[in-house]
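Chemist: Just structure-v8.txt, nothing more (compact mmCIF, C-alpha atoms):
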```txt
# COMPACT_ATOMS: atom_id res chain seq x y z
CA MET A 665 -37.99 27.52 -18.84
CA ILE A 666 -37.92 28.28 -22.55
CA ASP A 667 -41.21 29.43 -24.10
CA LEU A 668 -42.87 26.36 -25.67
CA LYS A 669 -44.38 28.53 -28.39
CA LEU A 670 -40.91 29.72 -29.38
CA ILE A 671 -39.63 26.14 -29.61
CA GLU A 672 -42.62 25.14 -31.74
CA GLU A 673 -42.47 28.14 -34.07
CA LYS A 674 -38.68 28.62 -34.31
CA PRO A 675 -37.05 25.27 -33.48
CA GLU A 676 -33.88 25.94 -35.48
CA TYR A 677 -33.42 29.34 -33.82
CA VAL A 678 -33.62 27.70 -30.39
CA LYS A 679 -31.28 24.90 -31.48
CA GLU A 680 -28.64 27.37 -32.69
CA ALA A 681 -28.95 29.51 -29.57
CA LEU A 682 -28.48 26.52 -27.24
CA ALA A 683 -25.55 25.31 -29.34
CA LYS A 684 -23.70 28.49 -28.26
CA LYS A 685 -23.92 27.08 -24.73
CA GLY A 686 -22.59 23.74 -25.92
CA TRP A 687 -26.02 22.12 -25.69
CA ASP A 688 -26.90 19.59 -28.41
CA PHE A 689 -30.64 20.15 -28.73
CA ASN A 690 -32.66 18.07 -31.18
CA PRO A 691 -36.13 19.66 -31.44
CA GLU A 692 -37.71 16.82 -33.43
CA PRO A 693 -38.97 14.73 -30.46
CA LEU A 694 -40.58 17.84 -28.95
CA LEU A 695 -42.12 18.87 -32.26
CA ALA A 696 -43.66 15.40 -32.60
CA LEU A 697 -45.12 15.73 -29.10
CA PHE A 698 -46.48 19.19 -29.89
CA LYS A 699 -48.18 17.77 -32.98
CA GLU A 700 -49.67 14.90 -31.00
CA ARG A 701 -50.85 17.29 -28.29
CA ARG A 702 -52.63 19.49 -30.84
CA ALA A 703 -54.33 16.48 -32.43
CA LEU A 704 -55.45 15.10 -29.07
CA LEU A 705 -56.80 18.47 -27.95
CA LYS A 706 -58.77 18.78 -31.17
CA GLU A 707 -60.17 15.27 -30.81
CA VAL A 708 -61.05 15.72 -27.13
CA GLU A 709 -62.80 19.04 -27.78
CA ALA A 710 -64.70 17.64 -30.77
CA ASN A 711 -65.69 14.60 -28.73
CA LYS A 712 -66.97 16.76 -25.87
CA ALA A 713 -68.90 18.94 -28.27
CA GLU A 714 -70.56 15.84 -29.74
CA GLN A 715 -71.40 14.57 -26.22
CA ASN A 716 -72.96 17.91 -25.36
CA LYS A 717 -74.93 17.95 -28.60
CA LEU A 718 -76.30 14.47 -27.99
CA SER A 719 -77.12 15.21 -24.33
CA ASN A 720 -78.92 18.41 -25.30
CA SER A 721 -81.04 16.48 -27.80
CA VAL A 722 -82.48 14.14 -25.12
CA PRO A 723 -85.40 16.39 -24.00
CA GLN A 724 -86.58 16.88 -27.58
CA ILE A 725 -86.33 13.16 -28.37
CA LYS A 726 -88.28 12.34 -25.21
CA LYS A 727 -90.90 14.92 -26.16
CA GLU A 728 -91.23 13.28 -29.56
CA GLY A 729 -91.48 9.83 -27.95
CA GLY A 730 -88.20 8.61 -29.35
CA ASN A 731 -85.74 6.11 -27.81
CA VAL A 732 -83.15 7.97 -25.74
CA GLN A 733 -81.26 4.83 -24.71
CA GLU A 734 -79.33 4.88 -27.96
CA ILE A 735 -78.32 8.45 -27.17
CA PHE A 736 -77.17 7.50 -23.67
CA ALA A 737 -75.18 4.56 -25.06
CA LYS A 738 -73.47 6.79 -27.62
CA VAL A 739 -72.63 9.42 -24.99
CA LYS A 740 -71.19 6.70 -22.76
CA GLU A 741 -69.10 5.36 -25.64
CA LEU A 742 -67.76 8.84 -26.46
CA ALA A 743 -66.97 9.47 -22.79
CA ALA A 744 -64.95 6.24 -22.64
CA GLN A 745 -63.05 7.24 -25.77
CA ASN A 746 -62.37 10.66 -24.31
CA LYS A 747 -61.10 9.22 -21.05
CA ALA A 748 -58.37 7.34 -22.92
CA LYS A 749 -57.53 10.38 -25.05
CA GLU A 750 -57.39 12.69 -22.00
CA GLN A 751 -55.13 10.23 -20.22
CA ARG A 752 -52.78 10.18 -23.21
CA LEU A 753 -52.96 13.99 -23.37
CA GLU A 754 -51.73 14.23 -19.78
CA GLU A 755 -48.92 11.81 -20.57
CA VAL A 756 -47.89 13.93 -23.57
CA LYS A 757 -47.93 17.11 -21.45
CA LYS A 758 -45.70 15.44 -18.87
CA GLU A 759 -43.31 14.24 -21.56
CA ILE A 760 -43.09 17.78 -22.97
CA GLN A 761 -42.47 19.17 -19.48
CA ALA A 762 -39.76 16.60 -18.78
CA GLN A 763 -37.94 17.42 -22.02
CA VAL A 764 -38.21 21.20 -21.70
CA GLU A 765 -37.45 21.64 -17.99
CA VAL A 766 -33.89 20.31 -18.38
CA LEU A 767 -33.01 22.72 -21.20
CA PRO A 768 -30.79 25.67 -20.24
CA ASN A 769 -31.78 29.26 -20.82
CA MET A 770 -30.99 30.63 -24.25
CA PRO A 771 -28.06 33.09 -24.24
CA ASP A 772 -28.55 36.64 -25.43
CA PRO A 773 -27.72 36.99 -29.16
CA ASP A 774 -24.69 39.23 -28.60
CA LEU A 775 -22.81 36.68 -26.47
CA ALA A 776 -19.85 34.84 -27.94
CA ALA A 777 -20.23 31.09 -28.36
CA GLY A 778 -18.13 28.68 -26.34
CA GLY A 779 -16.76 28.57 -22.82
CA LYS A 780 -14.62 30.72 -20.55
CA GLU A 781 -11.82 30.85 -23.10
CA ASN A 782 -14.07 33.28 -25.00
CA ASN A 783 -14.89 35.55 -22.06
CA THR A 784 -14.10 39.20 -22.74
CA PRO A 785 -12.70 41.70 -20.19
CA VAL A 786 -14.69 44.93 -20.63
CA TYR A 787 -13.46 47.08 -17.73
CA SER A 788 -10.74 47.21 -15.11
CA PHE A 789 -10.17 49.28 -11.98
CA GLY A 790 -7.05 50.08 -10.01
CA LYS A 791 -3.47 48.99 -10.40
CA LYS A 792 -2.13 45.60 -9.42
CA PRO A 793 -0.16 46.22 -6.22
CA THR A 794 3.62 45.98 -6.24
CA PHE A 795 5.57 45.07 -3.14
CA ASP A 796 8.93 46.81 -3.12
CA GLY A 797 11.50 45.76 -0.59
CA PHE A 798 9.65 42.79 0.91
CA LYS A 799 8.26 39.41 -0.06
CA PRO A 800 4.45 39.53 0.12
CA LYS A 801 2.52 36.88 2.01
CA ASP A 802 -0.54 35.06 0.78
CA HIS A 803 -3.87 35.48 2.57
CA VAL A 804 -3.47 32.28 4.58
CA GLU A 805 -0.17 33.46 6.08
CA LEU A 806 -1.57 36.93 6.68
CA ALA A 807 -4.79 35.68 8.28
CA GLU A 808 -2.83 33.46 10.66
CA SER A 809 -0.12 36.01 11.51
CA LEU A 810 -2.76 38.66 12.19
CA GLY A 811 -4.88 36.27 14.26
CA LEU A 812 -7.91 36.59 11.97
CA ILE A 813 -8.59 32.99 10.90
CA ASP A 814 -8.06 29.67 12.64
CA TYR A 815 -7.90 27.02 9.93
CA LYS A 816 -6.67 24.17 12.14
CA ARG A 817 -9.49 24.40 14.67
CA ALA A 818 -12.04 24.82 11.88
CA ALA A 819 -10.78 21.56 10.34
CA LYS A 820 -10.98 19.92 13.76
CA ILE A 821 -14.60 20.84 14.39
CA SER A 822 -15.84 20.61 10.80
CA GLY A 823 -13.35 19.30 8.23
CA SER A 824 -11.44 20.54 5.21
CA GLY A 825 -12.78 23.40 3.13
CA THR A 826 -13.81 25.42 6.20
CA TRP A 827 -12.43 28.24 8.30
CA LEU A 828 -13.13 29.90 11.63
CA TYR A 829 -13.15 33.68 11.93
CA THR A 830 -11.80 34.83 15.27
CA GLY A 831 -11.44 38.19 17.00
CA LEU A 832 -10.66 40.97 14.55
CA GLY A 833 -11.13 38.49 11.70
CA ALA A 834 -14.77 38.02 12.67
CA GLN A 835 -15.13 41.79 13.05
CA LEU A 836 -13.59 42.39 9.60
CA GLU A 837 -15.95 39.86 8.01
CA TRP A 838 -18.90 41.54 9.70
CA ALA A 839 -17.62 44.96 8.67
CA LEU A 840 -17.62 43.87 5.03
CA LEU A 841 -21.18 42.59 5.35
CA ASN A 842 -22.29 45.80 7.09
CA TYR A 843 -20.69 47.89 4.35
CA PHE A 844 -22.52 45.92 1.66
CA ILE A 845 -25.83 45.96 3.54
CA SER A 846 -25.78 49.67 4.36
CA THR A 847 -25.01 50.49 0.71
CA HIS A 848 -27.96 48.45 -0.59
CA ILE A 849 -30.33 49.99 1.95
CA ALA A 850 -29.17 53.47 0.92
CA ASP A 851 -29.88 52.52 -2.70
CA GLY A 852 -33.50 51.71 -1.86
CA TYR A 853 -33.33 47.91 -1.85
CA THR A 854 -35.55 45.96 0.57
CA MET A 855 -33.59 43.79 2.99
CA ILE A 856 -34.69 40.16 3.36
CA LEU A 857 -33.54 37.52 5.83
CA PRO A 858 -34.86 34.35 4.17
CA PRO A 859 -35.06 30.81 5.51
CA HIS A 860 -31.98 28.72 4.76
CA ILE A 861 -33.95 25.50 4.31
CA LEU A 862 -36.00 25.50 1.11
CA ASN A 863 -38.46 23.20 -0.60
CA GLU A 864 -37.91 21.46 -3.92
CA ASP A 865 -40.18 23.87 -5.82
CA SER A 866 -37.79 26.69 -4.92
CA GLY A 867 -34.88 24.86 -6.52
CA PHE A 868 -36.96 24.15 -9.63
CA THR A 869 -38.05 27.77 -10.06
CA ALA A 870 -34.48 29.02 -9.70
CA GLY A 871 -33.46 26.60 -12.47
CA GLN A 872 -31.11 24.57 -10.28
CA PHE A 873 -33.33 21.49 -10.43
CA PRO A 874 -33.58 18.97 -11.92
CA LYS A 875 -30.10 19.26 -13.52
CA PHE A 876 -28.12 20.25 -10.40
CA LYS A 877 -29.97 18.33 -7.70
CA GLU A 878 -26.79 16.67 -6.51
CA ASP A 879 -24.91 19.94 -6.02
CA VAL A 880 -26.84 20.94 -2.90
CA PHE A 881 -27.05 19.56 0.63
CA TRP A 882 -30.33 17.69 1.13
CA LEU A 883 -31.96 17.16 4.53
CA GLU A 884 -32.34 13.44 5.00
CA GLY A 885 -35.75 12.31 6.19
CA SER A 886 -37.54 15.55 5.31
CA GLU A 887 -40.92 15.12 3.64
CA PRO A 888 -41.48 16.84 1.33
CA ARG A 889 -37.79 16.97 0.42
CA LYS A 890 -35.88 20.07 1.50
CA PHE A 891 -32.37 21.37 0.90
CA ILE A 892 -30.02 24.02 2.30
CA LEU A 893 -29.79 27.07 0.07
CA PRO A 894 -26.66 27.34 -2.11
CA THR A 895 -27.25 31.10 -2.53
CA ALA A 896 -29.85 33.60 -1.34
CA GLU A 897 -30.92 34.00 -4.98
CA THR A 898 -32.72 30.66 -4.69
CA ALA A 899 -34.94 32.09 -1.96
CA LEU A 900 -35.31 35.61 -3.34
CA VAL A 901 -36.50 34.55 -6.82
CA ASN A 902 -39.25 32.49 -5.18
CA ILE A 903 -40.79 35.27 -3.08
CA HIS A 904 -43.38 35.99 -5.78
CA ARG A 905 -43.78 32.45 -7.11
CA ASN A 906 -47.32 31.80 -8.38
CA GLU A 907 -48.23 35.49 -8.07
CA ILE A 908 -49.43 38.16 -10.50
CA LEU A 909 -47.88 41.53 -9.68
CA SER A 910 -48.89 44.97 -10.89
CA GLU A 911 -46.68 46.73 -13.43
CA ASP A 912 -46.81 49.76 -11.12
CA ASP A 913 -45.03 47.73 -8.41
CA LEU A 914 -42.07 46.89 -10.65
CA PRO A 915 -39.17 46.80 -10.42
CA LYS A 916 -39.00 45.07 -7.07
CA LYS A 917 -35.52 45.26 -5.58
CA TYR A 918 -34.42 42.89 -2.82
CA PHE A 919 -31.20 41.89 -1.16
CA ALA A 920 -30.37 39.29 1.47
CA TYR A 921 -27.43 38.25 3.59
CA THR A 922 -27.00 34.51 4.08
CA PRO A 923 -24.26 31.96 4.44
CA CYS A 924 -24.14 29.83 1.27
CA TYR A 925 -23.72 26.05 1.36
CA ARG A 926 -22.33 24.21 -1.67
CA LYS A 927 -20.96 20.78 -2.40
CA GLU A 928 -18.63 22.08 -5.11
CA ALA A 929 -15.97 23.02 -2.56
CA GLY A 930 -13.05 20.95 -1.42
CA SER A 931 -10.35 21.71 -3.97
CA TYR A 932 -7.00 20.81 -2.48
CA ARG A 933 -4.97 22.59 -5.12
CA THR A 934 -2.37 24.81 -3.49
CA GLU A 935 -3.60 27.94 -5.23
CA GLU A 936 -7.14 27.44 -3.93
CA ARG A 937 -6.31 26.81 -0.29
CA GLY A 938 -7.60 28.95 2.53
CA MET A 939 -10.80 30.87 1.80
CA ILE A 940 -10.74 30.80 -2.00
CA ARG A 941 -13.11 27.83 -2.16
CA GLY A 942 -15.19 26.37 0.65
CA TYR A 943 -18.37 24.52 1.58
CA GLN A 944 -19.74 27.54 3.41
CA PHE A 945 -19.19 31.23 2.77
CA ASP A 946 -20.97 34.53 3.38
CA LYS A 947 -22.65 36.49 0.62
CA VAL A 948 -24.99 39.40 0.16
CA GLU A 949 -27.20 38.78 -2.87
CA MET A 950 -29.26 41.26 -4.90
CA VAL A 951 -32.35 40.30 -6.93
CA GLN A 952 -34.68 42.34 -9.09
CA TYR A 953 -38.08 41.53 -10.59
CA THR A 954 -38.76 43.72 -13.65
CA THR A 955 -40.95 44.14 -16.70
CA ASP A 956 -39.63 42.57 -19.88
CA ASP A 957 -38.54 45.95 -21.23
CA GLY A 958 -36.97 47.01 -17.93
CA SER A 959 -34.51 44.17 -17.45
CA ASP A 960 -31.61 45.63 -19.46
CA LYS A 961 -31.64 48.78 -17.32
CA ALA A 962 -31.79 46.62 -14.17
CA PHE A 963 -28.81 44.56 -15.37
CA ASP A 964 -26.70 47.67 -15.87
CA GLU A 965 -27.71 48.92 -12.41
CA LEU A 966 -26.69 45.67 -10.72
CA VAL A 967 -23.34 45.64 -12.50
CA GLU A 968 -22.63 49.22 -11.44
CA LYS A 969 -23.59 48.45 -7.84
CA ALA A 970 -21.18 45.52 -7.63
CA LYS A 971 -18.41 47.59 -9.21
CA ARG A 972 -19.02 50.47 -6.81
CA LEU A 973 -18.67 48.21 -3.77
CA LEU A 974 -15.21 47.04 -4.85
CA GLU A 975 -14.15 50.53 -5.83
CA GLY A 976 -15.22 51.74 -2.39
CA LEU A 977 -12.81 49.19 -0.93
CA GLY A 978 -10.07 50.41 -3.30
CA LEU A 979 -9.44 46.92 -4.64
CA CYS A 980 -8.03 46.17 -8.07
CA TYR A 981 -10.54 44.19 -10.15
CA GLN A 982 -11.78 43.52 -13.66
CA LEU A 983 -15.21 43.06 -15.25
CA ASP A 984 -15.71 40.16 -17.67
CA LYS A 985 -18.52 39.61 -20.17
CA LEU A 986 -19.05 35.85 -20.15
CA ALA A 987 -19.34 33.76 -23.28
CA ALA A 988 -22.57 31.81 -23.68
CA GLY A 989 -21.11 28.52 -22.48
CA ASP A 990 -19.75 30.06 -19.28
CA CYS A 991 -23.11 31.53 -18.27
CA SER A 992 -24.91 29.39 -15.74
CA HIS A 993 -27.73 27.04 -16.75
CA SER A 994 -30.55 29.48 -15.95
CA MET A 995 -29.00 32.68 -17.23
CA ALA A 996 -29.21 34.46 -20.57
CA ARG A 997 -26.45 36.93 -19.74
CA THR A 998 -23.72 37.23 -17.10
CA TYR A 999 -20.95 39.66 -16.21
CA ASP A 1000 -18.40 38.53 -13.63
CA ILE A 1001 -16.63 40.97 -11.32
CA GLU A 1002 -13.25 39.47 -10.46
CA VAL A 1003 -10.86 40.76 -7.81
CA TRP A 1004 -7.07 40.51 -8.13
CA ILE A 1005 -5.43 37.93 -5.80
CA PRO A 1006 -1.68 38.77 -5.83
CA SER A 1007 -0.46 35.42 -4.47
CA MET A 1008 -2.32 33.54 -7.21
CA GLY A 1009 -1.49 36.03 -9.95
CA ILE A 1010 -5.04 35.88 -11.27
CA TYR A 1011 -8.45 37.48 -10.88
CA LYS A 1012 -11.10 35.52 -8.93
CA GLU A 1013 -14.85 36.03 -9.11
CA VAL A 1014 -16.52 37.87 -6.23
CA SER A 1015 -19.77 38.70 -8.03
CA SER A 1016 -21.77 37.37 -10.94
CA VAL A 1017 -24.50 39.65 -12.26
CA SER A 1018 -26.97 37.75 -14.41
CA ASN A 1019 -30.21 38.24 -16.31
CA ALA A 1020 -32.47 35.20 -16.48
CA ARG A 1021 -34.98 37.05 -18.71
CA ASP A 1022 -38.32 35.19 -18.24
CA TYR A 1023 -36.73 31.73 -17.76
CA GLN A 1024 -37.18 31.53 -13.97
CA ALA A 1025 -40.53 33.34 -14.08
CA ARG A 1026 -41.97 30.73 -16.45
CA ARG A 1027 -40.85 27.96 -14.11
CA GLY A 1028 -42.35 29.71 -11.08
CA MET A 1029 -45.37 31.36 -12.76
CA ILE A 1030 -44.19 34.83 -11.72
CA ARG A 1031 -46.22 37.33 -13.73
CA TYR A 1032 -47.30 40.97 -13.87
CA LYS A 1033 -50.34 42.72 -15.30
CA ASP A 1034 -49.74 45.76 -17.49
CA LYS A 1035 -51.88 48.90 -17.61
CA GLU A 1036 -54.10 47.36 -20.31
CA GLY A 1037 -54.73 44.32 -18.15
CA LYS A 1038 -52.56 41.94 -20.19
CA VAL A 1039 -50.50 39.45 -18.20
CA HIS A 1040 -46.78 38.96 -18.91
CA PHE A 1041 -43.99 36.95 -17.34
CA CYS A 1042 -41.60 38.97 -15.18
CA HIS A 1043 -37.89 39.12 -15.84
CA THR A 1044 -35.64 38.18 -12.92
CA LEU A 1045 -32.05 39.28 -12.34
CA ASN A 1046 -29.52 38.59 -9.64
CA GLY A 1047 -26.09 39.80 -8.62
CA SER A 1048 -23.71 39.17 -5.74
CA GLY A 1049 -23.19 42.29 -3.75
CA LEU A 1050 -20.78 40.80 -2.65
CA ALA A 1051 -19.39 37.39 -1.66
CA THR A 1052 -16.79 37.86 1.09
CA SER A 1053 -14.71 34.71 0.85
CA ARG A 1054 -12.52 36.18 -1.91
CA VAL A 1055 -12.91 39.85 -1.05
CA PHE A 1056 -11.41 39.10 2.38
CA PRO A 1057 -8.24 37.46 0.95
CA ALA A 1058 -7.89 40.17 -1.71
CA LEU A 1059 -8.21 42.87 0.92
CA LEU A 1060 -5.46 41.30 3.03
CA GLU A 1061 -3.10 40.65 0.15
CA GLN A 1062 -3.56 43.91 -1.73
CA ASN A 1063 -3.28 46.08 1.42
CA GLN A 1064 -0.38 44.33 3.17
CA GLN A 1065 2.63 46.33 4.32
CA ALA A 1066 6.32 45.50 4.76
CA ASP A 1067 5.94 45.08 8.54
CA GLY A 1068 3.24 42.41 8.08
CA SER A 1069 0.37 44.76 8.90
CA VAL A 1070 -2.68 45.33 6.70
CA ILE A 1071 -4.37 48.69 6.05
CA ILE A 1072 -8.16 48.60 6.59
CA PRO A 1073 -10.09 50.44 3.84
CA GLU A 1074 -11.67 53.66 5.06
CA VAL A 1075 -15.24 52.54 4.29
CA LEU A 1076 -14.84 49.65 6.76
CA ARG A 1077 -13.36 51.61 9.65
CA PRO A 1078 -16.69 52.83 11.07
CA PHE A 1079 -17.68 49.15 11.40
CA MET A 1080 -14.31 48.31 13.02
CA GLY A 1081 -14.58 50.81 15.87
CA GLY A 1082 -12.34 53.25 14.01
CA LEU A 1083 -9.47 50.75 13.66
CA SER A 1084 -7.32 51.57 10.62
CA VAL A 1085 -4.57 48.92 10.72
CA LEU A 1086 -4.45 45.20 11.46
CA LYS A 1087 -1.15 44.34 13.14
CA PRO A 1088 0.57 40.95 13.54
CA ILE A 1089 -0.05 39.26 16.88
CA LYS A 1090 2.95 38.70 19.11
```
The structure given in the file should be rewritten as structure tokens.
Modeler:
Amino acid sequence: MIDLKLIEEKPEYVKEALAKKGWDFNPEPLLALFKERRALLKEVEANKAEQNKLSNSVPQIKKEGGNVQEIFAKVKELAAQNKAKEQRLEEVKKEIQAQVEVLPNMPDPDLAAGGKENNTPVYSFGKKPTFDGFKPKDHVELAESLGLIDYKRAAKISGSGTWLYTGLGAQLEWALLNYFISTHIADGYTMILPPHILNEDSGFTAGQFPKFKEDVFWLEGSEPRKFILPTAETALVNIHRNEILSEDDLPKKYFAYTPCYRKEAGSYRTEERGMIRGYQFDKVEMVQYTTDDGSDKAFDELVEKAKRLLEGLGLCYQLDKLAAGDCSHSMARTYDIEVWIPSMGIYKEVSSVSNARDYQARRGMIRYKDKEGKVHFCHTLNGSGLATSRVFPALLEQNQQADGSVIIPEVLRPFMGGLSVLKPIK
């Protein structure tokens, strides 16, 4: 959530920043509410002070033989006035909350305005593979010819937008996850296996609610309402909700493996068939909690970690700096790591590394105390490390051979029982 003080003191600055995300923010209604809140607070405090003054005068008036009933009547009248003012004050606070909680995070100043058309490639790795002497297959053909994925039976037992790993396909998926997990553990990150069913407060803290409430799968009949996590980030950024951490304990570095469940799937465009987009996919997610002056360093670290994972696999990819309008609702800054999919002739995202600054921490009251005892909001960052549903297709397509086989990257072979080549089934 955006700092209310910043909106009040620099409304035009906030308006211009949000405009870079394509958000038409008019600060005037909020400024009017801020003004009313200040006036009500002043009146309520003055009223209470007067009540206290009158109540404190009762013993002296009694001692002097005066009539205290007038005092009691006045105190009662002031209390009634205050009750109405306090009720309106609560209403104003709720109105402010309702208007502010839907606002997106402000983008970092160095980001270009506009949408994905203004994204900027900042790094690339590897050469796009060429296939001399044979016509390359797409990942769907390869997965079926190698006996890795059963799309038809997945559709039978679940529906479109799903797939079923089988045999060596399941082993390859698990090898990817093991490779990611072992790398994060070696880097000193704490592994978490979070619950997949979360409460509504978790979605609010992550910044997905209230704007994106309809993009998740809700559990019908649950009370309080619960939903299935769309990404492990939603769980990880809530671990320290409503806590005050010590500066000495930061940064905190977590990662989690979970399936991810999202309603956005279901594209039936030819180029997005197979595993490119689905309702459920596997992902290893990284999250850091940092001090406000440590978040830039953490961002660079997360980007480098995601890059290193793809480079370990030997896959051709590029790194994009996203324009403000292409950053997600909660994020101030995002770099996308996109792997090359030969059959599509484009790069597809396998990791987004983002810095939320203090946006999520304000929503979830996630704070830390510095060495002088002053309390600050944490900064939270997240990055996929990595999502497999596009790494898997890229691995198959980029490493395919003329005989229909696929070379397994060396880093995965220890998790595949030493197997180095996937061969077509007979």
Chemist: Find, counting all atoms listed in the file, the residue in A:Thr826, A:Thr998, A:Thr954, A:Gln761 that gets nearest to Arg941 (chain A).
Modeler: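 Smallest separation from Arg941 (chain A) among the options: A:Thr826.
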Chemist: Check the smallest atom-to-atom distance from each of A:Lys749, A:Lys685, A:Lys674, A:Arg1054 to Met995 (chain A) using all atoms listed in the file, then report the winner.
Modeler: A:Lys685
Chemist: Measure the distance from CA of Lys747 (chain A) to CA of Leu668 (chain A) in Å and round it to one decimal.
Modeler: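 It comes out at 25.4 Å.
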Chemist: Identify which of the residues A:Gln1065, A:Leu1059, A:Glu897, A:Phe876 lies closest to Val1017 (chain A), counting all atoms listed in the file when measuring atom-to-atom distances.
Modeler: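 Using all atoms listed in the file, the shortest distance to Val1017 (chain A) belongs to A:Glu897.
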Chemist: Check the smallest atom-to-atom distance from each of A:Ile813, A:Ala819, A:Val1003, A:Ile725 to Leu832 (chain A) using all atoms listed in the file, then report the winner.
Modeler: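 Smallest separation from Leu832 (chain A) among the options: A:Ile813.
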Chemist: Figure out the distance between CA of Glu808 (chain A) and CA of Asp946 (chain A), please, to one decimal in Å.
Modeler: 19.6 Å
Chemist: Could you jot down the CA of Glu1061 (chain A) to CA of Pro800 (chain A) separation for me, Å, one decimal place?
Modeler: 7.6 Å
Chemist: Choose the residue, out of A:Gly823, A:Gly811, A:Pro923, A:Pro691, that has the smallest atom-to-atom separation from Ile892 (chain A); count all atoms listed in the file.
Modeler: A:Pro923
Chemist: Write out as a list of chain:residue names which residues come within 9 Å of Thr1052 (chain A) when counting all atoms listed in the file, dropping same-chain ones fewer than 3 positions away.
Modeler: A:Glu837, A:Leu840, A:Leu841, A:Phe945, A:Asp946, A:Lys947, A:Val948, A:Val1014, A:Val1055, A:Phe1056, A:Pro1057
Chemist: For the residues in that selection, give me C-alpha atoms as a PDB file, keeping the file's coordinate frame.
Modeler:
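What landed in again.pdb:
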```
ATOM      1  CA  GLU A 837     -15.950  39.860   8.010  1.00  0.00           C
ATOM      2  CA  LEU A 840     -17.620  43.870   5.030  1.00  0.00           C
ATOM      3  CA  LEU A 841     -21.180  42.590   5.350  1.00  0.00           C
ATOM      4  CA  PHE A 945     -19.190  31.230   2.770  1.00  0.00           C
ATOM      5  CA  ASP A 946     -20.970  34.530   3.380  1.00  0.00           C
ATOM      6  CA  LYS A 947     -22.650  36.490   0.620  1.00  0.00           C
ATOM      7  CA  VAL A 948     -24.990  39.400   0.160  1.00  0.00           C
ATOM      8  CA  VAL A1014     -16.520  37.870  -6.230  1.00  0.00           C
ATOM      9  CA  VAL A1055     -12.910  39.850  -1.050  1.00  0.00           C
ATOM     10  CA  PHE A1056     -11.410  39.100   2.380  1.00  0.00           C
ATOM     11  CA  PRO A1057      -8.240  37.460   0.950  1.00  0.00           C
TER      12      PRO A1057
END
```
Chemist: I'd like to know which of A:Gln1064, A:Asn769, A:Gln724, A:Ser910 is closest to Arg1026 (chain A), using all atoms listed in the file.
Modeler: A:Asn769
Chemist: Name the residues, using the chain letters and numbers of the file, that sit within 12 Å of (-9.9, 33.9, -8.9) when counting all atoms listed in the file, and give them as a PDB file with C-alpha atoms, in the coordinates of the input.
Modeler:
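The file below, part30.pdb, is the result:
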```pdb
ATOM      1  CA  GLU A 935      -3.600  27.940  -5.230  1.00  0.00           C
ATOM      2  CA  GLU A 936      -7.140  27.440  -3.930  1.00  0.00           C
ATOM      3  CA  ARG A 937      -6.310  26.810  -0.290  1.00  0.00           C
ATOM      4  CA  MET A 939     -10.800  30.870   1.800  1.00  0.00           C
ATOM      5  CA  ILE A 940     -10.740  30.800  -2.000  1.00  0.00           C
ATOM      6  CA  ARG A 941     -13.110  27.830  -2.160  1.00  0.00           C
ATOM      7  CA  TYR A 981     -10.540  44.190 -10.150  1.00  0.00           C
ATOM      8  CA  GLN A 982     -11.780  43.520 -13.660  1.00  0.00           C
ATOM      9  CA  ASP A1000     -18.400  38.530 -13.630  1.00  0.00           C
ATOM     10  CA  ILE A1001     -16.630  40.970 -11.320  1.00  0.00           C
ATOM     11  CA  GLU A1002     -13.250  39.470 -10.460  1.00  0.00           C
ATOM     12  CA  VAL A1003     -10.860  40.760  -7.810  1.00  0.00           C
ATOM     13  CA  TRP A1004      -7.070  40.510  -8.130  1.00  0.00           C
ATOM     14  CA  ILE A1005      -5.430  37.930  -5.800  1.00  0.00           C
ATOM     15  CA  PRO A1006      -1.680  38.770  -5.830  1.00  0.00           C
ATOM     16  CA  SER A1007      -0.460  35.420  -4.470  1.00  0.00           C
ATOM     17  CA  MET A1008      -2.320  33.540  -7.210  1.00  0.00           C
ATOM     18  CA  GLY A1009      -1.490  36.030  -9.950  1.00  0.00           C
ATOM     19  CA  ILE A1010      -5.040  35.880 -11.270  1.00  0.00           C
ATOM     20  CA  TYR A1011      -8.450  37.480 -10.880  1.00  0.00           C
ATOM     21  CA  LYS A1012     -11.100  35.520  -8.930  1.00  0.00           C
ATOM     22  CA  GLU A1013     -14.850  36.030  -9.110  1.00  0.00           C
ATOM     23  CA  VAL A1014     -16.520  37.870  -6.230  1.00  0.00           C
ATOM     24  CA  SER A1015     -19.770  38.700  -8.030  1.00  0.00           C
ATOM     25  CA  SER A1053     -14.710  34.710   0.850  1.00  0.00           C
ATOM     26  CA  ARG A1054     -12.520  36.180  -1.910  1.00  0.00           C
ATOM     27  CA  VAL A1055     -12.910  39.850  -1.050  1.00  0.00           C
ATOM     28  CA  PRO A1057      -8.240  37.460   0.950  1.00  0.00           C
ATOM     29  CA  ALA A1058      -7.890  40.170  -1.710  1.00  0.00           C
TER      30      ALA A1058
END
```
Chemist: Near Val766 (chain A), within 7 Å and counting only C-alpha atoms, which residues show up once chain neighbours fewer than 2 positions away are dropped, as a list in words?
Modeler: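 Neighbouring residues, sequence-local ones excluded: Ala762, Gln763, Val764, Pro768, Pro874 and Lys875 of chain A.
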